[in-house]
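Everything on this sheet refers to the single structure shown next.
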Amino acid sequence: MELRQHRRPLSAIVLAAGEGTRMRSSTPKPLHRLCGRPMILHVLDTLAELTMNRVVVVVGHGANEVTKVLQGEAPAGLELEFVEQPEQRGTGDAVAVGLTGFPDSYFDLEDADLLVIPGDTPLVRPATIAALVRHRREEESAATVLTTIAKDPFGYSRVIRDRDGRIARIVDDADCSLDELEVEEVAMQIYCFRHDVLAPVLRRIDPDRTTGEYFLTSTVEVLHDAGYPVTSVVADDPIEAAGVNDRAQLAAAEAEMRARVNERWMRRGVTMLDPEATYLDMSVVIGQDVTLLPGVLLEGATSVGDGAIVGPDVRLVDCEVGSGARVDRCSAERAVIGDNAVVGPYSVLEPGTRLAPGTQVGPFFGRS
């Protein structure tokens with residue numbers, strides 16, 4: 001990643017305090033899973049691709065559970081600091097709380113960059129975040145916001161520019177005038193700020209007249225009116241910064257993430273007869289010349305050796321499949337299938353099963 005060559009401090013605030021009421025779940029929203037991994041960890045995976053000085057995670061609803069998961073599963077090399085937003089008073093307030101996770105010395109660094117990213121945007125790519133930071137540095141703006149062009153912008157906050165083409169405001173869909181509703185450039189809630197300007201700007205934003213909450217989008221107007229330039233990077237693919245707020249959006253994000261995972265493995269030499277009917281957790285490891293037939297679900301710490309054929313209609317959880325093995329229409333959990341073994345069809349391997357190389361298991365072989 002190009003940003004590794006720069007020595008300028010880069011940090012991030014990850015917003016993960018919301019209750020996520022539209023998920024209708026007792027599980028904290030950041031911990032809902034995509035490809036076997038809590039979605040906030042996908043965000044941290046993206047940040048781990050950059051050189052981060054510090055990542056502050058703002059927690060709230062389910063704070064203890066979220067903190068425990070991140071402490072145990074976060075990518076190696078990220079310095080995480082957790083701060084709690086005891087009362088959810090909007091994204092602006094959440095960022096202000098997040099700033100308390102930084103030493104005082106950070107606020108005097110004029111060349112420091114601070115990313116603000118929601119914990120429910122698991123699809124954003126490292127290259128997009130790198131471009132956002134690079135653009136802020138090159139333009140020397142006070143803030144750079146990630147935007148995209150939406151042909152159907154309903155529900156999104158519009159990016160409003162002044163007569164000189166500079167970003168002047170970000171307006172929520174519900175507050176747009178008729179002319180503003182026609183604007184197709186929308187804000188994606190991911191920002192890169194110059195670290196030293198953020199705290200003073202947050203102190204100047206006003207609460208929303210209806211909800212009383214403080215919104216991070218209000219910082220754009222404050223910066224513009226004070227003469228600070230605000231710039232944007234337009235994401236080519238709107239789905240990158242799409243938030244996950246309910247189960248339907250979770251399913252859409254799962255489909256996109258699964259497509260990325262499958263494409264990566266196919267480019268590494270794995271054959272998938274029907275990628276749309278093949279489900280792989282991100283933790284799965286697959287060798288070369290493996291063939292996956294339709295209806296395959298590989299979960300957890302499952303590994304598949306070179307030349308194996310798996311499927312159709314197979315579910316393996318935390319299993320080891322040896323090289324050259326054939327697994328057909330079966331399910332197994334925490335099982336070891338030896339090299340060149342044949343399993344199925346219509347077999348169930350109990351947890352702890354270990355099949356020696358060349359073993360044949362199934363109704364046609366007298367054992368199932």
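Letters for chains follow the order of the structure tokens (A, B, ...), residue numbers begin at 1 for each chain, and ligand numbers begin at 1 in the order shown.
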
message = I'd like the neighbourhood of Gly77 of chain A as a VMD selection string, where a residue qualifies if any of its atoms comes within 12 Å (using only C-alpha atoms), though same-chain residues fewer than 5 positions away should be ignored.
response = chain A and resid 44 to 45 47 to 55 71

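Atom CA of Gly18 of chain A to atom CA of Leu250 of chain A spans 15.7 Å [interatomic distance, one decimal].
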
message = So that I can check the surroundings of Ser303 of chain A, please list as a VMD selection string every protein, DNA and RNA residue that reaches within 6 Å of it, counting only C-alpha atoms and ignoring chain neighbours fewer than 4 positions away.
response = chain A and resid 284 to 286 320

Wanna dump the segment 157-254 of chain A-segment 117-133 of chain A contacts at 10 Å for me, each residue with its shortest atom pair and the distance in Å to one decimal, counting only C-alpha atoms, ordered by chain and number, as a Markdown table?
| residue | atom | partner | partner_atom | distance |
| --- | --- | --- | --- | --- |
| A:Met188 | CA | A:Thr121 | CA | 9.4 |
| A:Gln189 | CA | A:Ile117 | CA | 6.9 |
| A:Ile190 | CA | A:Ile117 | CA | 4.9 |
| A:Tyr191 | CA | A:Ile117 | CA | 6.7 |
| A:Cys192 | CA | A:Val133 | CA | 6.1 |
| A:Phe193 | CA | A:Val133 | CA | 8.7 |
| A:Arg194 | CA | A:Val133 | CA | 9.8 |
| A:Thr231 | CA | A:Leu132 | CA | 9.6 |
| A:Ser232 | CA | A:Leu132 | CA | 7.8 |
| A:Val233 | CA | A:Leu132 | CA | 6.0 |
| A:Val234 | CA | A:Leu132 | CA | 9.0 |
| A:Ala235 | CA | A:Thr128 | CA | 7.2 |
| A:Asp236 | CA | A:Thr128 | CA | 9.3 |
| A:Asp237 | CA | A:Val124 | CA | 9.5 |
| A:Pro238 | CA | A:Val124 | CA | 9.5 |
| A:Ile239 | CA | A:Leu123 | CA | 7.1 |
| A:Glu240 | CA | A:Val124 | CA | 4.3 |
| A:Ala241 | CA | A:Val124 | CA | 5.3 |
| A:Ala242 | CA | A:Thr121 | CA | 6.0 |
| A:Gly243 | CA | A:Thr121 | CA | 4.8 |
| A:Val244 | CA | A:Asp120 | CA | 5.4 |
| A:Asn245 | CA | A:Asp120 | CA | 7.6 |
| A:Leu250 | CA | A:Asp120 | CA | 9.5 |
| A:Ala253 | CA | A:Leu123 | CA | 7.1 |
| A:Glu254 | CA | A:Leu123 | CA | 9.3 |

Backbone-only DSSP, alpha helix (DSSP H) members of segment 180-325 of chain A, as number ranges by chain = A: 180-181, 195-202, 218-225, 247-267

Go ahead and save the picked residues with N, CA and C atoms, as a CSV table (one decimal), in the first residue's frame.
chain,number,residue,atom,x,y,z
A,180,GLU,N,-32.3,20.4,-4.0
A,180,GLU,CA,-31.2,19.6,-3.4
A,180,GLU,C,-31.5,18.1,-3.6
A,181,LEU,N,-32.8,17.7,-3.6
A,181,LEU,CA,-33.2,16.3,-3.8
A,181,LEU,C,-32.7,15.8,-5.2
A,195,HIS,N,-6.1,16.3,11.8
A,195,HIS,CA,-6.4,16.0,13.2
A,195,HIS,C,-6.6,17.2,14.0
A,196,ASP,N,-5.8,18.3,13.8
A,196,ASP,CA,-5.8,19.4,14.7
A,196,ASP,C,-7.0,20.3,14.6
A,197,VAL,N,-7.8,20.2,13.5
A,197,VAL,CA,-8.9,21.0,13.3
A,197,VAL,C,-10.2,20.4,13.8
A,198,LEU,N,-10.2,19.1,14.0
A,198,LEU,CA,-11.5,18.4,14.3
A,198,LEU,C,-12.1,18.8,15.6
A,199,ALA,N,-11.3,18.8,16.7
A,199,ALA,CA,-11.9,19.1,18.0
A,199,ALA,C,-12.5,20.5,18.0
A,200,PRO,N,-11.8,21.5,17.6
A,200,PRO,CA,-12.5,22.9,17.6
A,200,PRO,C,-13.7,22.9,16.7
A,201,VAL,N,-13.8,22.2,15.6
A,201,VAL,CA,-15.0,22.2,14.8
A,201,VAL,C,-16.1,21.5,15.5
A,202,LEU,N,-15.9,20.4,16.1
A,202,LEU,CA,-17.0,19.7,16.8
A,202,LEU,C,-17.6,20.6,17.9
A,218,SER,N,-22.4,18.0,10.1
A,218,SER,CA,-22.5,19.4,10.3
A,218,SER,C,-21.1,20.1,10.3
A,219,THR,N,-20.1,19.3,10.5
A,219,THR,CA,-18.7,19.8,10.5
A,219,THR,C,-18.4,20.4,9.2
A,220,VAL,N,-18.9,19.9,8.1
A,220,VAL,CA,-18.6,20.3,6.8
A,220,VAL,C,-19.0,21.8,6.6
A,221,GLU,N,-20.2,22.2,7.0
A,221,GLU,CA,-20.7,23.5,6.8
A,221,GLU,C,-19.9,24.5,7.7
A,222,VAL,N,-19.5,24.0,8.9
A,222,VAL,CA,-18.7,24.9,9.8
A,222,VAL,C,-17.3,25.1,9.2
A,223,LEU,N,-16.7,24.1,8.7
A,223,LEU,CA,-15.4,24.3,8.0
A,223,LEU,C,-15.5,25.2,6.8
A,224,HIS,N,-16.5,25.0,6.0
A,224,HIS,CA,-16.7,25.8,4.8
A,224,HIS,C,-16.8,27.3,5.2
A,225,ASP,N,-17.7,27.6,6.1
A,225,ASP,CA,-18.0,28.9,6.5
A,225,ASP,C,-16.8,29.6,7.2
A,247,ARG,N,-31.4,-6.5,8.3
A,247,ARG,CA,-31.1,-7.8,7.9
A,247,ARG,C,-31.0,-7.9,6.3
A,248,ALA,N,-31.8,-7.1,5.7
A,248,ALA,CA,-31.8,-7.1,4.2
A,248,ALA,C,-30.4,-6.6,3.7
A,249,GLN,N,-29.9,-5.5,4.3
A,249,GLN,CA,-28.6,-4.9,4.0
A,249,GLN,C,-27.5,-5.8,4.4
A,250,LEU,N,-27.7,-6.6,5.5
A,250,LEU,CA,-26.7,-7.6,5.9
A,250,LEU,C,-26.6,-8.6,4.8
A,251,ALA,N,-27.7,-9.1,4.3
A,251,ALA,CA,-27.7,-10.2,3.3
A,251,ALA,C,-27.0,-9.6,2.0
A,252,ALA,N,-27.3,-8.4,1.6
A,252,ALA,CA,-26.7,-7.8,0.4
A,252,ALA,C,-25.2,-7.7,0.6
A,253,ALA,N,-24.7,-7.3,1.8
A,253,ALA,CA,-23.3,-7.2,2.1
A,253,ALA,C,-22.6,-8.6,2.1
A,254,GLU,N,-23.3,-9.6,2.6
A,254,GLU,CA,-22.8,-10.9,2.6
A,254,GLU,C,-22.6,-11.4,1.2
A,255,ALA,N,-23.6,-11.1,0.3
A,255,ALA,CA,-23.4,-11.6,-1.1
A,255,ALA,C,-22.2,-10.9,-1.8
A,256,GLU,N,-22.0,-9.6,-1.5
A,256,GLU,CA,-20.9,-8.9,-2.1
A,256,GLU,C,-19.6,-9.5,-1.6
A,257,MET,N,-19.5,-9.6,-0.2
A,257,MET,CA,-18.3,-10.1,0.4
A,257,MET,C,-18.0,-11.6,-0.1
A,258,ARG,N,-19.0,-12.4,-0.2
A,258,ARG,CA,-18.8,-13.8,-0.7
A,258,ARG,C,-18.3,-13.8,-2.1
A,259,ALA,N,-18.8,-12.9,-2.9
A,259,ALA,CA,-18.4,-12.8,-4.3
A,259,ALA,C,-16.9,-12.5,-4.4
A,260,ARG,N,-16.5,-11.6,-3.5
A,260,ARG,CA,-15.0,-11.2,-3.5
A,260,ARG,C,-14.2,-12.4,-3.0
A,261,VAL,N,-14.6,-13.1,-2.0
A,261,VAL,CA,-13.9,-14.2,-1.5
A,261,VAL,C,-13.8,-15.3,-2.5
A,262,ASN,N,-14.9,-15.6,-3.2
A,262,ASN,CA,-14.8,-16.6,-4.2
A,262,ASN,C,-13.9,-16.3,-5.4
A,263,GLU,N,-14.0,-15.0,-5.8
A,263,GLU,CA,-13.2,-14.5,-6.9
A,263,GLU,C,-11.7,-14.7,-6.6
A,264,ARG,N,-11.3,-14.3,-5.3
A,264,ARG,CA,-10.0,-14.4,-4.9
A,264,ARG,C,-9.5,-15.9,-5.0
A,265,TRP,N,-10.3,-16.8,-4.5
A,265,TRP,CA,-9.9,-18.2,-4.6
A,265,TRP,C,-9.8,-18.8,-6.0
A,266,MET,N,-10.8,-18.4,-6.9
A,266,MET,CA,-10.7,-18.8,-8.2
A,266,MET,C,-9.5,-18.3,-8.9
A,267,ARG,N,-9.0,-17.1,-8.6
A,267,ARG,CA,-7.8,-16.6,-9.3
A,267,ARG,C,-6.6,-17.3,-8.7

Where does DSSP see strand (DSSP E) in segment 222-324 of chain A, if you list the residues as a PDB file with N, CA and C atoms, in the first residue's frame?
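Output (result-v1.pdb):
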ATOM      1  N   VAL A 230     -12.935  21.915   2.046  1.00  0.00           N
ATOM      2  CA  VAL A 230     -13.394  20.532   2.204  1.00  0.00           C
ATOM      3  C   VAL A 230     -13.445  19.917   0.814  1.00  0.00           C
ATOM      4  N   THR A 231     -12.789  18.776   0.637  1.00  0.00           N
ATOM      5  CA  THR A 231     -12.722  18.137  -0.673  1.00  0.00           C
ATOM      6  C   THR A 231     -13.387  16.766  -0.613  1.00  0.00           C
ATOM      7  N   SER A 232     -13.461  16.115  -1.755  1.00  0.00           N
ATOM      8  CA  SER A 232     -14.107  14.804  -1.805  1.00  0.00           C
ATOM      9  C   SER A 232     -13.324  13.861  -2.708  1.00  0.00           C
ATOM     10  N   VAL A 233     -13.479  12.589  -2.438  1.00  0.00           N
ATOM     11  CA  VAL A 233     -13.048  11.516  -3.322  1.00  0.00           C
ATOM     12  C   VAL A 233     -14.299  10.748  -3.693  1.00  0.00           C
ATOM     13  N   VAL A 234     -14.531  10.588  -4.990  1.00  0.00           N
ATOM     14  CA  VAL A 234     -15.732   9.912  -5.458  1.00  0.00           C
ATOM     15  C   VAL A 234     -15.432   8.434  -5.654  1.00  0.00           C
ATOM     16  N   THR A 271     -11.413 -24.267  -8.704  1.00  0.00           N
ATOM     17  CA  THR A 271     -12.532 -24.328  -9.636  1.00  0.00           C
ATOM     18  C   THR A 271     -13.848 -24.338  -8.866  1.00  0.00           C
ATOM     19  N   MET A 272     -14.761 -23.431  -9.228  1.00  0.00           N
ATOM     20  CA  MET A 272     -16.109 -23.399  -8.658  1.00  0.00           C
ATOM     21  C   MET A 272     -17.099 -23.515  -9.801  1.00  0.00           C
ATOM     22  N   THR A 278     -21.744 -21.313  -3.734  1.00  0.00           N
ATOM     23  CA  THR A 278     -20.571 -21.743  -2.985  1.00  0.00           C
ATOM     24  C   THR A 278     -20.315 -20.732  -1.877  1.00  0.00           C
ATOM     25  N   TYR A 279     -20.256 -21.198  -0.639  1.00  0.00           N
ATOM     26  CA  TYR A 279     -20.173 -20.313   0.519  1.00  0.00           C
ATOM     27  C   TYR A 279     -18.906 -20.633   1.308  1.00  0.00           C
ATOM     28  N   LEU A 280     -17.995 -19.657   1.387  1.00  0.00           N
ATOM     29  CA  LEU A 280     -16.728 -19.843   2.081  1.00  0.00           C
ATOM     30  C   LEU A 280     -16.535 -18.762   3.126  1.00  0.00           C
ATOM     31  N   VAL A 285      -9.081 -22.154   4.209  1.00  0.00           N
ATOM     32  CA  VAL A 285      -7.845 -22.241   3.428  1.00  0.00           C
ATOM     33  C   VAL A 285      -8.003 -23.359   2.403  1.00  0.00           C
ATOM     34  N   ILE A 286      -7.680 -23.070   1.133  1.00  0.00           N
ATOM     35  CA  ILE A 286      -7.892 -24.032   0.050  1.00  0.00           C
ATOM     36  C   ILE A 286      -6.612 -24.162  -0.763  1.00  0.00           C
ATOM     37  N   THR A 291     -11.621 -28.599  -6.626  1.00  0.00           N
ATOM     38  CA  THR A 291     -12.888 -28.362  -7.301  1.00  0.00           C
ATOM     39  C   THR A 291     -14.007 -28.319  -6.267  1.00  0.00           C
ATOM     40  N   LEU A 292     -14.772 -27.243  -6.265  1.00  0.00           N
ATOM     41  CA  LEU A 292     -15.916 -27.086  -5.371  1.00  0.00           C
ATOM     42  C   LEU A 292     -17.185 -27.119  -6.218  1.00  0.00           C
ATOM     43  N   VAL A 296     -21.755 -26.084  -1.697  1.00  0.00           N
ATOM     44  CA  VAL A 296     -20.686 -26.289  -0.715  1.00  0.00           C
ATOM     45  C   VAL A 296     -20.668 -25.138   0.279  1.00  0.00           C
ATOM     46  N   LEU A 297     -20.635 -25.475   1.578  1.00  0.00           N
ATOM     47  CA  LEU A 297     -20.460 -24.497   2.647  1.00  0.00           C
ATOM     48  C   LEU A 297     -19.246 -24.921   3.466  1.00  0.00           C
ATOM     49  N   LEU A 298     -18.208 -24.105   3.441  1.00  0.00           N
ATOM     50  CA  LEU A 298     -17.007 -24.360   4.215  1.00  0.00           C
ATOM     51  C   LEU A 298     -16.883 -23.261   5.263  1.00  0.00           C
ATOM     52  N   GLU A 299     -16.863 -23.650   6.539  1.00  0.00           N
ATOM     53  CA  GLU A 299     -16.945 -22.680   7.617  1.00  0.00           C
ATOM     54  C   GLU A 299     -15.788 -22.826   8.586  1.00  0.00           C
ATOM     55  N   SER A 303      -9.907 -26.490   6.130  1.00  0.00           N
ATOM     56  CA  SER A 303      -8.865 -26.436   5.098  1.00  0.00           C
ATOM     57  C   SER A 303      -9.078 -27.590   4.134  1.00  0.00           C
ATOM     58  N   VAL A 304      -8.745 -27.349   2.869  1.00  0.00           N
ATOM     59  CA  VAL A 304      -8.920 -28.351   1.820  1.00  0.00           C
ATOM     60  C   VAL A 304      -7.603 -28.498   1.076  1.00  0.00           C
ATOM     61  N   ILE A 309     -11.872 -32.840  -4.288  1.00  0.00           N
ATOM     62  CA  ILE A 309     -13.151 -32.502  -4.900  1.00  0.00           C
ATOM     63  C   ILE A 309     -14.195 -32.512  -3.793  1.00  0.00           C
ATOM     64  N   VAL A 310     -14.860 -31.385  -3.598  1.00  0.00           N
ATOM     65  CA  VAL A 310     -15.836 -31.244  -2.517  1.00  0.00           C
ATOM     66  C   VAL A 310     -17.177 -30.850  -3.113  1.00  0.00           C
ATOM     67  N   VAL A 314     -22.359 -30.125   0.422  1.00  0.00           N
ATOM     68  CA  VAL A 314     -21.476 -30.488   1.523  1.00  0.00           C
ATOM     69  C   VAL A 314     -21.354 -29.309   2.474  1.00  0.00           C
ATOM     70  N   ARG A 315     -21.428 -29.605   3.783  1.00  0.00           N
ATOM     71  CA  ARG A 315     -21.179 -28.572   4.802  1.00  0.00           C
ATOM     72  C   ARG A 315     -20.104 -29.087   5.741  1.00  0.00           C
ATOM     73  N   LEU A 316     -18.991 -28.356   5.804  1.00  0.00           N
ATOM     74  CA  LEU A 316     -17.877 -28.708   6.663  1.00  0.00           C
ATOM     75  C   LEU A 316     -17.577 -27.544   7.591  1.00  0.00           C
ATOM     76  N   VAL A 317     -17.473 -27.843   8.901  1.00  0.00           N
ATOM     77  CA  VAL A 317     -17.175 -26.829   9.908  1.00  0.00           C
ATOM     78  C   VAL A 317     -15.915 -27.235  10.648  1.00  0.00           C
ATOM     79  N   GLU A 320     -10.587 -30.689   8.335  1.00  0.00           N
ATOM     80  CA  GLU A 320      -9.380 -30.781   7.514  1.00  0.00           C
ATOM     81  C   GLU A 320      -9.605 -31.837   6.443  1.00  0.00           C
ATOM     82  N   VAL A 321      -9.537 -31.432   5.177  1.00  0.00           N
ATOM     83  CA  VAL A 321      -9.721 -32.346   4.060  1.00  0.00           C
ATOM     84  C   VAL A 321      -8.371 -32.535   3.381  1.00  0.00           C
TER      85      VAL A 321
END

Given only C-alpha atoms as the counted atoms, nearest of A:Thr144, A:Thr67, A:Thr21, A:Thr210 to Leu41 of chain A = A:Thr67

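Residues within 12 Å of Ala96 of chain A, counting only C-alpha atoms and excluding same-chain residues fewer than 4 positions away, are Ile13, Val14, Leu15, Val56, Val58, Val83, Glu84, Gln85, Gln88, Arg89, Gly90, Thr91, Gly92, Thr100, Gly101, Phe102, Val116, Leu198, Ala199, Pro200, Val201, Leu202, Arg203, Arg204, Ile205, Tyr214, Phe215, Leu216 and Thr219 of chain A.
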
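The space between atom CA of Val342 of chain A and atom CA of Gly36 of chain A spans 27.0 Å.
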
task = Measuring atom to atom with only C-alpha atoms, identify which of A:Ile160, A:Ile167, A:Val336, A:Val361 is nearest to Val348 of chain A.
result = A:Val361

inquiry  = Can you pull out the residues contacting Arg354 of chain A? Cut-off 7 Å, using only C-alpha atoms, and skip same-chain residues under 2 positions away; I want them as number ranges by chain.
reply    = A: 335-337, 352, 356
